[in-house]
>>> print(open('work_38.pdb').read())   # PDB, C-alpha atoms and all ligand atoms
MODEL        1
ATOM      1  CA  MET A   1      -0.870  40.299 -42.619
ATOM      2  CA  TYR A   2      -3.728  38.416 -44.215
ATOM      3  CA  LEU A   3      -7.287  37.374 -43.480
ATOM      4  CA  LYS A   4      -7.014  33.979 -41.857
ATOM      5  CA  SER A   5     -10.600  33.165 -41.014
ATOM      6  CA  LEU A   6     -14.086  34.517 -40.694
ATOM      7  CA  THR A   7     -16.807  33.119 -38.454
ATOM      8  CA  LEU A   8     -20.439  34.180 -38.655
ATOM      9  CA  LYS A   9     -23.196  33.185 -36.291
ATOM     10  CA  GLY A  10     -26.696  34.610 -36.450
ATOM     11  CA  PHE A  11     -25.462  37.209 -38.941
ATOM     12  CA  LYS A  12     -27.965  37.927 -41.764
ATOM     13  CA  SER A  13     -28.720  34.669 -43.614
ATOM     14  CA  PHE A  14     -26.166  32.687 -41.560
ATOM     15  CA  ALA A  15     -28.328  31.355 -38.728
ATOM     16  CA  ASP A  16     -25.894  28.565 -37.912
ATOM     17  CA  ARG A  17     -22.213  29.012 -37.281
ATOM     18  CA  ALA A  18     -20.363  29.398 -40.598
ATOM     19  CA  HIS A  19     -16.587  29.185 -40.424
ATOM     20  CA  MET A  20     -14.390  30.102 -43.400
ATOM     21  CA  VAL A  21     -10.639  29.593 -43.487
ATOM     22  CA  PHE A  22      -8.506  31.510 -45.985
ATOM     23  CA  GLU A  23      -4.951  30.996 -47.232
ATOM     24  CA  PRO A  24      -2.590  33.850 -48.130
ATOM     25  CA  GLY A  25      -3.250  35.122 -51.634
ATOM     26  CA  LEU A  26      -6.468  35.254 -53.578
ATOM     27  CA  ALA A  27      -9.691  33.702 -52.303
ATOM     28  CA  VAL A  28     -12.910  33.617 -54.281
ATOM     29  CA  ILE A  29     -16.387  33.038 -52.911
ATOM     30  CA  VAL A  30     -18.878  31.843 -55.483
ATOM     31  CA  GLY A  31     -22.536  30.906 -55.226
ATOM     32  CA  PRO A  32     -25.983  31.424 -56.738
ATOM     33  CA  ASN A  33     -27.871  34.715 -56.416
ATOM     34  CA  GLY A  34     -29.131  35.267 -52.909
ATOM     35  CA  SER A  35     -26.885  32.622 -51.370
ATOM     36  CA  GLY A  36     -25.134  35.072 -49.048
ATOM     37  CA  LYS A  37     -21.948  36.219 -50.813
ATOM     38  CA  SER A  38     -22.591  39.913 -50.174
ATOM     39  CA  ASN A  39     -23.673  39.073 -46.616
ATOM     40  CA  ILE A  40     -20.125  37.790 -46.087
ATOM     41  CA  SER A  41     -18.588  41.079 -47.227
ATOM     42  CA  ASP A  42     -21.172  42.915 -45.068
ATOM     43  CA  ALA A  43     -19.947  40.824 -42.131
ATOM     44  CA  ILE A  44     -16.376  41.987 -42.743
ATOM     45  CA  LEU A  45     -17.471  45.643 -42.858
ATOM     46  CA  TRP A  46     -19.595  45.184 -39.751
ATOM     47  CA  VAL A  47     -16.923  43.525 -37.629
ATOM     48  CA  LEU A  48     -14.516  46.327 -38.598
ATOM     49  CA  GLY A  49     -16.945  48.775 -37.008
ATOM     50  CA  GLU A  50     -19.411  49.910 -39.653
ATOM     51  CA  GLN A  51     -22.108  51.991 -37.942
ATOM     52  CA  SER A  52     -24.352  52.712 -40.914
ATOM     53  CA  ALA A  53     -27.156  50.217 -41.542
ATOM     54  CA  ARG A  54     -27.449  51.527 -45.090
ATOM     55  CA  GLN A  55     -23.823  50.641 -45.854
ATOM     56  CA  LEU A  56     -24.780  47.141 -44.758
ATOM     57  CA  ARG A  57     -27.764  47.150 -47.108
ATOM     58  CA  GLY A  58     -30.314  47.349 -44.300
ATOM     59  CA  GLN A  59     -32.802  49.812 -42.815
ATOM     60  CA  ALA A  60     -31.805  49.432 -39.178
ATOM     61  CA  MET A  61     -28.746  47.923 -37.529
ATOM     62  CA  GLU A  62     -30.955  45.117 -36.180
ATOM     63  CA  ASP A  63     -31.311  43.876 -39.771
ATOM     64  CA  VAL A  64     -27.918  42.191 -39.424
ATOM     65  CA  ILE A  65     -29.422  39.672 -36.976
ATOM     66  CA  PHE A  66     -30.885  36.530 -38.579
ATOM     67  CA  SER A  67     -34.579  37.321 -38.852
ATOM     68  CA  GLY A  68     -35.903  33.797 -39.349
ATOM     69  CA  SER A  69     -37.009  31.788 -42.341
ATOM     70  CA  SER A  70     -39.826  29.387 -43.136
ATOM     71  CA  ALA A  71     -37.726  26.659 -41.543
ATOM     72  CA  ARG A  72     -36.447  28.418 -38.447
ATOM     73  CA  GLN A  73     -37.072  31.089 -35.897
ATOM     74  CA  GLN A  74     -35.166  34.319 -35.657
ATOM     75  CA  VAL A  75     -32.181  34.483 -33.326
ATOM     76  CA  GLY A  76     -31.392  37.067 -30.657
ATOM     77  CA  VAL A  77     -27.755  37.785 -31.329
ATOM     78  CA  ALA A  78     -25.431  38.222 -34.308
ATOM     79  CA  GLU A  79     -21.728  37.571 -33.932
ATOM     80  CA  VAL A  80     -18.833  37.874 -36.372
ATOM     81  CA  THR A  81     -15.176  37.090 -35.703
ATOM     82  CA  LEU A  82     -12.435  37.995 -38.148
ATOM     83  CA  VAL A  83      -8.957  36.601 -37.567
ATOM     84  CA  LEU A  84      -5.941  38.359 -39.073
ATOM     85  CA  ASP A  85      -2.555  36.689 -39.308
ATOM     86  CA  ASN A  86      -0.126  39.148 -37.776
ATOM     87  CA  ALA A  87       3.117  37.141 -37.941
ATOM     88  CA  ASP A  88       4.681  40.061 -39.844
ATOM     89  CA  HIS A  89       3.480  42.480 -37.112
ATOM     90  CA  VAL A  90       1.890  44.917 -39.538
ATOM     91  CA  LEU A  91      -0.633  45.515 -36.767
ATOM     92  CA  PRO A  92       1.074  47.257 -33.846
ATOM     93  CA  VAL A  93       0.373  44.550 -31.263
ATOM     94  CA  GLU A  94       2.515  41.717 -29.962
ATOM     95  CA  PHE A  95       0.043  38.984 -30.990
ATOM     96  CA  GLU A  96       0.788  36.723 -33.955
ATOM     97  CA  GLU A  97      -2.943  36.476 -34.557
ATOM     98  CA  VAL A  98      -5.536  39.154 -33.982
ATOM     99  CA  ALA A  99      -9.167  38.083 -33.607
ATOM    100  CA  ILE A 100     -11.709  40.884 -33.807
ATOM    101  CA  THR A 101     -15.239  40.090 -32.647
ATOM    102  CA  ARG A 102     -18.419  42.128 -32.762
ATOM    103  CA  ARG A 103     -21.631  40.966 -31.159
ATOM    104  CA  MET A 104     -25.035  42.596 -31.245
ATOM    105  CA  TYR A 105     -28.246  41.779 -29.384
ATOM    106  CA  ARG A 106     -31.810  42.627 -30.422
ATOM    107  CA  SER A 107     -31.870  45.098 -27.549
ATOM    108  CA  GLY A 108     -29.358  47.110 -29.587
ATOM    109  CA  GLU A 109     -26.521  46.400 -27.191
ATOM    110  CA  SER A 110     -23.179  45.849 -28.937
ATOM    111  CA  GLU A 111     -19.935  44.297 -27.772
ATOM    112  CA  TYR A 112     -16.469  44.331 -29.296
ATOM    113  CA  LEU A 113     -13.607  42.015 -28.404
ATOM    114  CA  ILE A 114      -9.961  41.721 -29.381
ATOM    115  CA  ASN A 115      -8.578  38.214 -28.846
ATOM    116  CA  SER A 116     -11.616  37.444 -26.667
ATOM    117  CA  SER A 117     -11.069  40.423 -24.347
ATOM    118  CA  PRO A 118     -13.842  43.021 -24.285
ATOM    119  CA  CYS A 119     -12.736  46.350 -25.726
ATOM    120  CA  ARG A 120     -14.093  49.548 -27.256
ATOM    121  CA  LEU A 121     -14.623  50.140 -30.957
ATOM    122  CA  MET A 122     -11.927  52.779 -30.619
ATOM    123  CA  ASP A 123      -9.410  50.107 -29.569
ATOM    124  CA  ILE A 124     -10.143  48.159 -32.743
ATOM    125  CA  GLN A 125      -9.774  51.299 -34.843
ATOM    126  CA  ASP A 126      -6.452  51.989 -33.132
ATOM    127  CA  VAL A 127      -5.146  48.515 -33.945
ATOM    128  CA  LEU A 128      -6.228  48.785 -37.592
ATOM    129  CA  HIS A 129      -5.030  52.365 -37.996
ATOM    130  CA  ASP A 130      -2.280  52.567 -40.657
ATOM    131  CA  SER A 131      -2.877  48.983 -41.816
ATOM    132  CA  GLY A 132      -5.129  50.018 -44.696
ATOM    133  CA  LEU A 133      -7.951  48.014 -43.121
ATOM    134  CA  GLY A 134     -11.016  49.606 -41.636
ATOM    135  CA  LYS A 135     -14.506  50.632 -42.562
ATOM    136  CA  ASP A 136     -13.479  53.910 -44.205
ATOM    137  CA  THR A 137     -10.652  52.528 -46.286
ATOM    138  CA  HIS A 138     -11.171  51.108 -49.724
ATOM    139  CA  SER A 139     -10.301  47.550 -48.844
ATOM    140  CA  ILE A 140     -13.917  46.612 -49.506
ATOM    141  CA  ILE A 141     -15.498  47.604 -52.813
ATOM    142  CA  SER A 142     -19.142  46.614 -52.680
ATOM    143  CA  GLN A 143     -21.517  45.839 -55.518
ATOM    144  CA  GLY A 144     -22.413  49.040 -57.357
ATOM    145  CA  LYS A 145     -19.475  50.953 -55.861
ATOM    146  CA  LEU A 146     -17.333  50.359 -58.931
ATOM    147  CA  ASP A 147     -19.996  52.003 -61.085
ATOM    148  CA  ALA A 148     -20.138  54.937 -58.696
ATOM    149  CA  ILE A 149     -16.346  55.304 -58.927
ATOM    150  CA  LEU A 150     -16.394  55.259 -62.727
ATOM    151  CA  GLN A 151     -19.140  57.876 -62.800
ATOM    152  CA  SER A 152     -17.696  60.126 -60.098
ATOM    153  CA  ARG A 153     -16.328  63.606 -60.711
ATOM    154  CA  PRO A 154     -12.538  63.916 -61.111
ATOM    155  CA  GLU A 155     -12.168  65.538 -57.645
ATOM    156  CA  GLU A 156     -14.089  62.684 -56.026
ATOM    157  CA  ARG A 157     -11.993  60.139 -57.855
ATOM    158  CA  ARG A 158      -8.842  61.902 -56.751
ATOM    159  CA  ALA A 159      -9.997  61.810 -53.103
ATOM    160  CA  LEU A 160     -10.585  58.096 -53.444
ATOM    161  CA  ILE A 161      -7.138  57.430 -54.874
ATOM    162  CA  GLU A 162      -5.577  59.547 -52.130
ATOM    163  CA  GLU A 163      -7.422  57.538 -49.473
ATOM    164  CA  ALA A 164      -6.349  54.255 -51.068
ATOM    165  CA  ALA A 165      -2.730  55.374 -51.365
ATOM    166  CA  GLY A 166      -2.666  56.473 -47.720
ATOM    167  CA  ILE A 167      -2.137  60.145 -48.575
ATOM    168  CA  ALA A 168      -5.496  61.309 -47.249
ATOM    169  CA  LYS A 169      -4.595  60.669 -43.624
ATOM    170  CA  HIS A 170      -1.483  62.853 -43.947
ATOM    171  CA  LYS A 171      -3.613  65.594 -45.520
ATOM    172  CA  ARG A 172      -6.059  65.350 -42.607
ATOM    173  CA  ARG A 173      -3.165  65.559 -40.134
ATOM    174  CA  ARG A 174      -1.751  68.600 -41.927
ATOM    175  CA  GLU A 175      -5.140  70.338 -41.932
ATOM    176  CA  ARG A 176      -5.563  69.556 -38.241
ATOM    177  CA  SER A 177      -2.160  70.991 -37.342
ATOM    178  CA  GLN A 178      -2.769  74.103 -39.464
ATOM    179  CA  ARG A 179      -6.019  74.734 -37.601
ATOM    180  CA  LYS A 180      -4.248  74.688 -34.235
TER     181      LYS A 180
HETATM  182  P1  LIG A 201     -26.180  38.133 -55.573
HETATM  183  O1  LIG A 201     -25.421  37.122 -56.374
HETATM  184  O2  LIG A 201     -27.543  38.382 -56.128
HETATM  185  O3  LIG A 201     -25.410  39.389 -55.293
HETATM  186  P2  LIG A 201     -25.603  37.242 -52.861
HETATM  187  O4  LIG A 201     -24.998  35.877 -52.815
HETATM  188  O5  LIG A 201     -24.692  38.401 -52.717
HETATM  189  O6  LIG A 201     -26.508  37.397 -54.160
HETATM  190  P3  LIG A 201     -26.808  38.186 -50.452
HETATM  191  O7  LIG A 201     -27.261  39.559 -50.816
HETATM  192  O8  LIG A 201     -25.561  38.062 -49.662
HETATM  193  O9  LIG A 201     -26.739  37.287 -51.742
HETATM  194  O10 LIG A 201     -27.940  37.444 -49.623
HETATM  195  C1  LIG A 201     -29.265  37.801 -49.727
HETATM  196  C2  LIG A 201     -30.111  36.896 -48.841
HETATM  197  O11 LIG A 201     -29.814  37.117 -47.464
HETATM  198  C3  LIG A 201     -31.574  37.175 -49.048
HETATM  199  O12 LIG A 201     -32.244  35.942 -49.264
HETATM  200  C4  LIG A 201     -32.016  37.783 -47.738
HETATM  201  O13 LIG A 201     -33.318  37.429 -47.393
HETATM  202  C5  LIG A 201     -31.034  37.136 -46.772
HETATM  203  N1  LIG A 201     -30.912  37.953 -45.561
HETATM  204  C6  LIG A 201     -30.412  39.208 -45.440
HETATM  205  N2  LIG A 201     -30.524  39.648 -44.174
HETATM  206  C7  LIG A 201     -31.101  38.639 -43.466
HETATM  207  C8  LIG A 201     -31.496  38.485 -42.110
HETATM  208  N3  LIG A 201     -31.309  39.446 -41.205
HETATM  209  N4  LIG A 201     -32.073  37.311 -41.753
HETATM  210  C9  LIG A 201     -32.265  36.336 -42.657
HETATM  211  N5  LIG A 201     -31.931  36.413 -43.939
HETATM  212  C10 LIG A 201     -31.353  37.554 -44.351
HETATM  213 MG    MG A 202     -24.276  40.082 -53.868
ENDMDL
END
>>> encode(input="work_38.pdb", output="structure tokens", more="lines below")
Ligand code: ATP
Ligand code: MG
Amino acid sequence: MYLKSLTLKGFKSFADRAHMVFEPGLAVIVGPNGSGKSNISDAILWVLGEQSARQLRGQAMEDVIFSGSSARQQVGVAEVTLVLDNADHVLPVEFEEVAITRRMYRSGESEYLINSSPCRLMDIQDVLHDSGLGKDTHSIISQGKLDAILQSRPEERRALIEEAAGIAKHKRRRERSQRK
């Protein structure tokens, strides 16, 4: 499984449609300060279901919608589509490609789609479950996070390593079954 493409439209500084295609292996996005690099990683977090505006470096969720510039008016909807190559069927679905879309209107209304079919956020979480991808996994390390990791207490660091290694979910399952 690998990230095949990312399409942003009306998301943060990307007023126009921006389409990025990635190859397997390492991809690097470079650009001057303020050019939108972190907005791209925010878009990945957002499409994977992030619900906290703060995690997306905003005050309110509406801040993800392009708010206008001196040259153009604000837009009414933000949309991000992330396409995963699933030829190796790491994701438990029959599709060779999985396209996840999130759309949000200024009214606050949100829509999620898998391969263009409307779905619930829960359906997306189910598909990503066990793949190591998702908003609570450590597949995205944002600016400043590395510092926080280095300065964290040993127990916090241990929790992080357990989450990254996939042990945390087994611990949660064990705790859940012990409570029953
Ligand atoms: P650095 O190298 O400093 O980390 P960067 O390339 O990561 O920079 P970003 O933080 O991704 O830059 O982009 C910041 C820009 O995005 C700012 O100019 C900000 O005004 C713009 N921006 C953020 N949200 C919106 C929005 N909703 N509408 C329009 N522009 C936005
Ligand atoms: Mg940045």
>>> residues_around(input="work_38.pdb", residues="segment 92-103 of chain A", least_positions_apart="6", cutoff="8 Å", atoms="all atoms listed in the file", output="list in words")
Trp46, Val47, Leu48, Val77, Ala78, Glu79, Val80, Thr81, Leu82, Val83, Leu84, Asp85, Asn86, Ser110, Glu111, Tyr112, Leu113, Ile114, Asn115, Ser116, Ile124 and Val127 of chain A
>>> write_last_selection(input="work_38.pdb", atoms="C-alpha atoms", output="mmCIF file, keeping the file's coordinate frame")
data_model
loop_
_atom_site.group_PDB
_atom_site.id
_atom_site.type_symbol
_atom_site.label_atom_id
_atom_site.label_comp_id
_atom_site.auth_asym_id
_atom_site.auth_seq_id
_atom_site.Cartn_x
_atom_site.Cartn_y
_atom_site.Cartn_z
ATOM 1 C CA TRP A 46 -19.595 45.184 -39.751
ATOM 2 C CA VAL A 47 -16.923 43.525 -37.629
ATOM 3 C CA LEU A 48 -14.516 46.327 -38.598
ATOM 4 C CA VAL A 77 -27.755 37.785 -31.329
ATOM 5 C CA ALA A 78 -25.431 38.222 -34.308
ATOM 6 C CA GLU A 79 -21.728 37.571 -33.932
ATOM 7 C CA VAL A 80 -18.833 37.874 -36.372
ATOM 8 C CA THR A 81 -15.176 37.090 -35.703
ATOM 9 C CA LEU A 82 -12.435 37.995 -38.148
ATOM 10 C CA VAL A 83 -8.957 36.601 -37.567
ATOM 11 C CA LEU A 84 -5.941 38.359 -39.073
ATOM 12 C CA ASP A 85 -2.555 36.689 -39.308
ATOM 13 C CA ASN A 86 -0.126 39.148 -37.776
ATOM 14 C CA SER A 110 -23.179 45.849 -28.937
ATOM 15 C CA GLU A 111 -19.935 44.297 -27.772
ATOM 16 C CA TYR A 112 -16.469 44.331 -29.296
ATOM 17 C CA LEU A 113 -13.607 42.015 -28.404
ATOM 18 C CA ILE A 114 -9.961 41.721 -29.381
ATOM 19 C CA ASN A 115 -8.578 38.214 -28.846
ATOM 20 C CA SER A 116 -11.616 37.444 -26.667
ATOM 21 C CA ILE A 124 -10.143 48.159 -32.743
ATOM 22 C CA VAL A 127 -5.146 48.515 -33.945
#
>>> resolve_selection(input="work_38.pdb", expression="the PyMOL selection byres (((not hetatm)) within 6 of (chain A and resi 201))", output="PyMOL selection string")
chain A and resi 12-13+32-39+63-68
>>> axis_aligned_box(input="work_38.pdb", around="segment 115-119 of chain A", padding_each_side="6 Å", output="JSON")
{"center_x": -11.2, "center_y": 41.9, "center_z": -26.6, "size_x": 17.3, "size_y": 20.9, "size_z": 16.6}
>>> closest_residue(input="work_38.pdb", among="A:Leu6, A:Val90, A:Leu128, A:Met122", to="Ala43 of chain A", atoms="only C-alpha atoms")
A:Leu6
>>> closest_residue(input="work_38.pdb", among="A:Thr7, A:Ser41, A:Gln55, A:Ser177", to="Ser139 of chain A", atoms="only C-alpha atoms")
A:Ser41
>>> residues_around(input="work_38.pdb", residues="Leu45 of chain A", least_positions_apart="4", cutoff="9 Å", atoms="all atoms listed in the file", output="PyMOL selection string")
chain A and resi 40-41+49-50+55-56+134-135+140
>>> atom_distance(input="work_38.pdb", atom1="atom CA of Phe22 of chain A", atom2="atom CA of Leu160 of chain A")
27.7 Å
>>> atom_distance(input="work_38.pdb", atom1="atom CA of Val21 of chain A", atom2="atom CA of Leu133 of chain A")
18.6 Å
>>> closest_residue(input="work_38.pdb", among="A:Ile141, A:Glu62, A:Gly25, A:Gln51", to="ligand MG 202 (chain A)", atoms="all atoms listed in the file")
A:Ile141
>>> atom_distance(input="work_38.pdb", atom1="atom CA of Gln59 of chain A", atom2="atom CA of Leu150 of chain A")
26.4 Å
>>> closest_residue(input="work_38.pdb", among="A:Ile29, A:Met61, A:Cys119, A:Ala53", to="ligand MG 202 (chain A)", atoms="all atoms listed in the file")
A:Ile29
>>> closest_residue(input="work_38.pdb", among="A:Arg174, A:His19, A:Arg57, A:Lys4", to="ligand MG 202 (chain A)", atoms="all atoms listed in the file")
A:Arg57
>>> closest_residue(input="work_38.pdb", among="A:Leu8, A:Ala148, A:Ile167, A:Ala15", to="Ala71 of chain A", atoms="all atoms listed in the file")
A:Ala15
>>> build_atoms(input="work_38.pdb", residues="segment 136-153 of chain A", atoms="N, CA and C atoms", output="PDB file, in the coordinates of the input")
ATOM      1  N   ASP A 136     -13.544  52.760 -43.300  1.00  0.00           N
ATOM      2  CA  ASP A 136     -13.479  53.910 -44.205  1.00  0.00           C
ATOM      3  C   ASP A 136     -12.406  53.781 -45.281  1.00  0.00           C
ATOM      4  N   THR A 137     -11.666  52.701 -45.253  1.00  0.00           N
ATOM      5  CA  THR A 137     -10.652  52.528 -46.286  1.00  0.00           C
ATOM      6  C   THR A 137     -11.305  51.839 -47.486  1.00  0.00           C
ATOM      7  N   HIS A 138     -10.560  51.700 -48.540  1.00  0.00           N
ATOM      8  CA  HIS A 138     -11.171  51.108 -49.724  1.00  0.00           C
ATOM      9  C   HIS A 138     -10.744  49.658 -49.892  1.00  0.00           C
ATOM     10  N   SER A 139     -10.655  48.960 -48.761  1.00  0.00           N
ATOM     11  CA  SER A 139     -10.301  47.550 -48.844  1.00  0.00           C
ATOM     12  C   SER A 139     -11.526  46.722 -49.210  1.00  0.00           C
ATOM     13  N   ILE A 140     -12.699  47.330 -49.105  1.00  0.00           N
ATOM     14  CA  ILE A 140     -13.917  46.612 -49.506  1.00  0.00           C
ATOM     15  C   ILE A 140     -14.659  47.448 -50.539  1.00  0.00           C
ATOM     16  N   ILE A 141     -14.769  46.919 -51.743  1.00  0.00           N
ATOM     17  CA  ILE A 141     -15.498  47.604 -52.813  1.00  0.00           C
ATOM     18  C   ILE A 141     -16.785  46.812 -53.013  1.00  0.00           C
ATOM     19  N   SER A 142     -17.898  47.383 -52.601  1.00  0.00           N
ATOM     20  CA  SER A 142     -19.142  46.614 -52.680  1.00  0.00           C
ATOM     21  C   SER A 142     -19.787  46.732 -54.052  1.00  0.00           C
ATOM     22  N   GLN A 143     -20.786  45.853 -54.260  1.00  0.00           N
ATOM     23  CA  GLN A 143     -21.517  45.839 -55.518  1.00  0.00           C
ATOM     24  C   GLN A 143     -22.042  47.242 -55.803  1.00  0.00           C
ATOM     25  N   GLY A 144     -21.877  47.719 -57.016  1.00  0.00           N
ATOM     26  CA  GLY A 144     -22.413  49.040 -57.357  1.00  0.00           C
ATOM     27  C   GLY A 144     -21.414  50.160 -57.116  1.00  0.00           C
ATOM     28  N   LYS A 145     -20.441  49.910 -56.221  1.00  0.00           N
ATOM     29  CA  LYS A 145     -19.475  50.953 -55.861  1.00  0.00           C
ATOM     30  C   LYS A 145     -18.567  51.259 -57.054  1.00  0.00           C
ATOM     31  N   LEU A 146     -18.226  50.196 -57.787  1.00  0.00           N
ATOM     32  CA  LEU A 146     -17.333  50.359 -58.931  1.00  0.00           C
ATOM     33  C   LEU A 146     -17.959  51.314 -59.952  1.00  0.00           C
ATOM     34  N   ASP A 147     -19.257  51.134 -60.182  1.00  0.00           N
ATOM     35  CA  ASP A 147     -19.996  52.003 -61.085  1.00  0.00           C
ATOM     36  C   ASP A 147     -19.936  53.445 -60.594  1.00  0.00           C
ATOM     37  N   ALA A 148     -20.146  53.595 -59.287  1.00  0.00           N
ATOM     38  CA  ALA A 148     -20.138  54.937 -58.696  1.00  0.00           C
ATOM     39  C   ALA A 148     -18.768  55.579 -58.884  1.00  0.00           C
ATOM     40  N   ILE A 149     -17.705  54.777 -58.759  1.00  0.00           N
ATOM     41  CA  ILE A 149     -16.346  55.304 -58.927  1.00  0.00           C
ATOM     42  C   ILE A 149     -16.150  55.772 -60.373  1.00  0.00           C
ATOM     43  N   LEU A 150     -16.580  54.935 -61.313  1.00  0.00           N
ATOM     44  CA  LEU A 150     -16.394  55.259 -62.727  1.00  0.00           C
ATOM     45  C   LEU A 150     -17.176  56.514 -63.113  1.00  0.00           C
ATOM     46  N   GLN A 151     -18.309  56.730 -62.440  1.00  0.00           N
ATOM     47  CA  GLN A 151     -19.140  57.876 -62.800  1.00  0.00           C
ATOM     48  C   GLN A 151     -18.874  59.109 -61.945  1.00  0.00           C
ATOM     49  N   SER A 152     -17.917  58.997 -61.005  1.00  0.00           N
ATOM     50  CA  SER A 152     -17.696  60.126 -60.098  1.00  0.00           C
ATOM     51  C   SER A 152     -16.953  61.262 -60.800  1.00  0.00           C
ATOM     52  N   ARG A 153     -17.033  62.446 -60.180  1.00  0.00           N
ATOM     53  CA  ARG A 153     -16.328  63.606 -60.711  1.00  0.00           C
ATOM     54  C   ARG A 153     -14.831  63.432 -60.466  1.00  0.00           C
TER      55      ARG A 153
END
